[in-house]
Every structure is written in structure tokens, then in C-alpha cells.
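Enquirer: Mind looking over this structure? Questions follow.
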Amino acid sequence: GDDTLGGNLAKMMLYTLTQSDSIPSYVLLMNGGVRLACEQETADHLNALIDKGCTVMVCGTCLNFFGIAEEIKAGIVSNMYDILTAMQQVSKVITV
């Protein structure tokens with residue numbers, strides 16, 4: 001799909017989650033999704049989710065690949081072991 005549209009949809013999704021009564025246990029950011037933790041607007045939404053009890057994990061390998069590890073504004077830098085463990089602990093995984 002279109003990168004601009006995808007970015008806009010991701011921003012709207014994160015904002016909508018912050019307004020929901022049903023907060024996810026985890027938000028796991030991998031590949032290009034790690035950029036969401038580095039952009040101020042989406043990082044603000046992620047931090048709002050963290051304040052409500054959500055754990056946000058950001059793939060460290062992905063941050064390093066894109067050269068943006070120093071730009072992270074939300075979440076914890078993680079690895080595939082922890083990300084996969086989080087996926088295995090929940091009954092439902094939604095991929096966006």
C-alpha cells in the first residue's frame with residue numbers, strides 16, 4: 001500500500017486506542033513501525049497508552065537498521081526474544 005496513507009492510518013489507530021476503554025497489553029513495533037516511536041505525534045499517543053498500562057516494545061535491531069536508535073521518544077528498546085514472548089502470552093495478536 002501507500003506509505004503516506006499507511007502512516008496516517010497508523011497515527012489515527014494509535015490516537016483511537018488512547019481514547020478506548022480497552023487498552024492493549026502490548027504494542028510491538030517492528031520494521032518500519034519503529035519510526036512511530038521516534039515521531040513526536042505518534043510517540044505522544046504511545047506514551048498515553050503507556051500511562052494507561054500498555055507496554056510498548058520497539059525492535060532494537062530495526063532501530064539500528066534505520067539509524068534512528070537515538071531518536072526514540074516512546075517505549076522500551078527490545079529484542080525479538082521479548083517481542084515473541086509478549087506475542088505468545090496474549091490470546092489475540094492484531095497485526096497492522
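Here's how to read the names in the C-alpha cells: chain A, B, ... by the order shown, residue numbers from 1 in each chain, ligand numbers from 1 in the order shown.
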Applying 12 Å and only C-alpha atoms, which residues near Tyr15 in chain A remain after dropping the ones on its own chain fewer than 3 positions away? List them as a ChimeraX atom specification.

Expert: /A:8-12,18-20,23,36,41-49

Enquirer: Could you find all residues in range 7-95 of chain A that DSSP calls strand (DSSP E or B) from the backbone, and write them as a PyMOL selection string?

Expert: chain A and resi 26-29+55-59+76-78

Enquirer: Would you return as an NGL selection string the members of chain A that DSSP assigns to alpha helix (DSSP H) on this structure's backbone?

Expert: :A and (3-18 or 40-51 or 60-66 or 80-89)

Enquirer: Just the number, please: distance in Å from CA of Asn31 in chain A to CA of Asp51 in chain A, one decimal.

Expert: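 Computing the Euclidean distance for CA of Asn31 in chain A and CA of Asp51 in chain A yields 24.2 Å.
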
Enquirer: Select, from A:Ile68, A:Ala37, A:Leu28, A:Leu63, the residue with the minimum atom-to-atom distance to Thr85 in chain A, counting only C-alpha atoms.

Expert: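 Selected residue with least distance to Thr85 in chain A: A:Leu28.
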
Enquirer: Looking at only C-alpha atoms, which of A:Val90, A:Val58, A:Met30, A:Val96 is the one that sits closest to Lys73 in chain A?

Expert: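 Of A:Val90, A:Val58, A:Met30, A:Val96, the one nearest Lys73 in chain A, counting only C-alpha atoms, is A:Val58.
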
Enquirer: Could you name the residues that touch Gly60 in chain A at 6 Å or less, counting only C-alpha atoms, but leaving out those on the same chain fewer than 6 positions away, as a PDB file with N, CA, C and O atoms, in the first residue's frame?

Expert:
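Written file, result24.pdb:
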```pdb
ATOM      1  N   VAL A  77      13.359  -0.139  24.157  1.00  0.00           N
ATOM      2  CA  VAL A  77      14.075  -0.842  23.105  1.00  0.00           C
ATOM      3  C   VAL A  77      14.138  -2.305  23.524  1.00  0.00           C
ATOM      4  O   VAL A  77      14.519  -2.629  24.651  1.00  0.00           O
ATOM      5  N   SER A  78      13.745  -3.172  22.620  1.00  0.00           N
ATOM      6  CA  SER A  78      13.624  -4.583  22.965  1.00  0.00           C
ATOM      7  C   SER A  78      14.287  -5.443  21.899  1.00  0.00           C
ATOM      8  O   SER A  78      14.917  -4.942  20.979  1.00  0.00           O
ATOM      9  N   ASN A  79      14.123  -6.740  22.058  1.00  0.00           N
ATOM     10  CA  ASN A  79      14.702  -7.689  21.112  1.00  0.00           C
ATOM     11  C   ASN A  79      13.633  -8.710  20.721  1.00  0.00           C
ATOM     12  O   ASN A  79      12.548  -8.738  21.287  1.00  0.00           O
TER      13      ASN A  79
END
```

Enquirer: Compare A:Leu29, A:Phe65, A:Lys52, A:Leu17 by their minimum atom-to-atom distance to Asp82 in chain A, counting only C-alpha atoms, and give me the closest one.

Expert: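 Of A:Leu29, A:Phe65, A:Lys52, A:Leu17, the one nearest Asp82 in chain A is A:Leu29, counting only C-alpha atoms.
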
Enquirer: Show me, as a list in words, the residues that have an atom within 7 Å of Val56 in chain A when counting only C-alpha atoms, minus same-chain residues fewer than 2 positions from it.

Expert: Tyr26, Val27, Leu28, Ile50, Cys54, Val58, Gly75 and Ile76 of chain A

Enquirer: Print the selection's residues with all heavy atoms to a file, as an mmCIF file, in the first residue's frame.

Expert:
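Heads up, here's the output in part.cif:
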```cif
data_model
loop_
_atom_site.group_PDB
_atom_site.id
_atom_site.type_symbol
_atom_site.label_atom_id
_atom_site.label_comp_id
_atom_site.auth_asym_id
_atom_site.auth_seq_id
_atom_site.Cartn_x
_atom_site.Cartn_y
_atom_site.Cartn_z
ATOM 1 N N TYR A 26 0.063 -4.968 24.973
ATOM 2 C CA TYR A 26 1.313 -4.614 24.310
ATOM 3 C C TYR A 26 1.045 -3.907 22.987
ATOM 4 O O TYR A 26 0.063 -4.209 22.310
ATOM 5 C CB TYR A 26 2.131 -5.870 23.964
ATOM 6 C CG TYR A 26 2.540 -6.702 25.129
ATOM 7 C CD1 TYR A 26 1.799 -7.819 25.510
ATOM 8 C CD2 TYR A 26 3.683 -6.394 25.857
ATOM 9 C CE1 TYR A 26 2.175 -8.603 26.583
ATOM 10 C CE2 TYR A 26 4.062 -7.168 26.935
ATOM 11 C CZ TYR A 26 3.319 -8.269 27.297
ATOM 12 O OH TYR A 26 3.696 -9.039 28.359
ATOM 13 N N VAL A 27 1.957 -3.021 22.626
ATOM 14 C CA VAL A 27 2.115 -2.551 21.258
ATOM 15 C C VAL A 27 3.552 -2.888 20.907
ATOM 16 O O VAL A 27 4.492 -2.479 21.607
ATOM 17 C CB VAL A 27 1.846 -1.030 21.109
ATOM 18 C CG1 VAL A 27 2.252 -0.548 19.720
ATOM 19 C CG2 VAL A 27 0.383 -0.716 21.379
ATOM 20 N N LEU A 28 3.719 -3.675 19.854
ATOM 21 C CA LEU A 28 5.033 -4.161 19.452
ATOM 22 C C LEU A 28 5.383 -3.548 18.102
ATOM 23 O O LEU A 28 4.673 -3.765 17.119
ATOM 24 C CB LEU A 28 5.008 -5.688 19.365
ATOM 25 C CG LEU A 28 4.448 -6.402 20.590
ATOM 26 C CD1 LEU A 28 4.240 -7.878 20.312
ATOM 27 C CD2 LEU A 28 5.345 -6.195 21.792
ATOM 28 N N ILE A 50 1.080 3.962 27.329
ATOM 29 C CA ILE A 50 1.947 3.502 28.426
ATOM 30 C C ILE A 50 1.387 3.978 29.756
ATOM 31 O O ILE A 50 1.326 3.213 30.730
ATOM 32 C CB ILE A 50 3.400 3.993 28.207
ATOM 33 C CG1 ILE A 50 4.024 3.276 27.000
ATOM 34 C CG2 ILE A 50 4.240 3.790 29.470
ATOM 35 C CD1 ILE A 50 5.317 3.879 26.509
ATOM 36 N N CYS A 54 -0.260 0.030 29.089
ATOM 37 C CA CYS A 54 0.218 -0.732 27.942
ATOM 38 C C CYS A 54 1.756 -0.763 27.957
ATOM 39 O O CYS A 54 2.404 0.213 28.356
ATOM 40 C CB CYS A 54 -0.270 -0.060 26.656
ATOM 41 S SG CYS A 54 0.278 -0.849 25.130
ATOM 42 N N VAL A 58 9.915 -1.735 21.267
ATOM 43 C CA VAL A 58 10.417 -1.267 19.978
ATOM 44 C C VAL A 58 11.635 -2.102 19.610
ATOM 45 O O VAL A 58 12.584 -2.218 20.402
ATOM 46 C CB VAL A 58 10.797 0.235 20.051
ATOM 47 C CG1 VAL A 58 11.173 0.755 18.679
ATOM 48 C CG2 VAL A 58 9.649 1.049 20.655
ATOM 49 N N GLY A 75 8.399 4.084 24.500
ATOM 50 C CA GLY A 75 8.591 2.647 24.555
ATOM 51 C C GLY A 75 9.978 2.254 25.026
ATOM 52 O O GLY A 75 10.818 3.104 25.328
ATOM 53 N N ILE A 76 10.158 0.945 25.101
ATOM 54 C CA ILE A 76 11.459 0.408 25.508
ATOM 55 C C ILE A 76 12.077 -0.327 24.321
ATOM 56 O O ILE A 76 11.378 -1.012 23.571
ATOM 57 C CB ILE A 76 11.327 -0.540 26.727
ATOM 58 C CG1 ILE A 76 10.322 -1.656 26.460
ATOM 59 C CG2 ILE A 76 10.941 0.209 27.972
ATOM 60 C CD1 ILE A 76 10.276 -2.726 27.529
#
```

Enquirer: Find the residue from A:Gly7, A:Met13, A:Gly1, A:Cys38 that sits nearest to Phe66 in chain A; use only C-alpha atoms when measuring.

Expert: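 Answer, going by the shortest atom-to-atom distance: A:Cys38.
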
Enquirer: So what do you get for CA of Ser22 in chain A versus CA of Lys92 in chain A, distance-wise?

Expert: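 Between these atoms lies a distance of 13.4 Å.
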
Enquirer: Point out the residue among A:Asp21, A:Gly53, A:Thr4, A:Glu71 with the least atom-to-atom distance to Val34 in chain A, counting only C-alpha atoms.

Expert: A:Glu71

Enquirer: So what do you get for CA of Val93 in chain A versus CA of Asp2 in chain A, distance-wise?

Expert: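 Value for the CA of Val93 in chain A-CA of Asp2 in chain A distance: 23.4 Å.
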
Enquirer: Pick out the closest residue to Ser91 in chain A from this set: A:Leu5, A:Pro24, A:Cys62, A:Leu14. Count only C-alpha atoms.

Expert: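 Comparing A:Leu5, A:Pro24, A:Cys62, A:Leu14 against Ser91 in chain A, the winner is A:Pro24.
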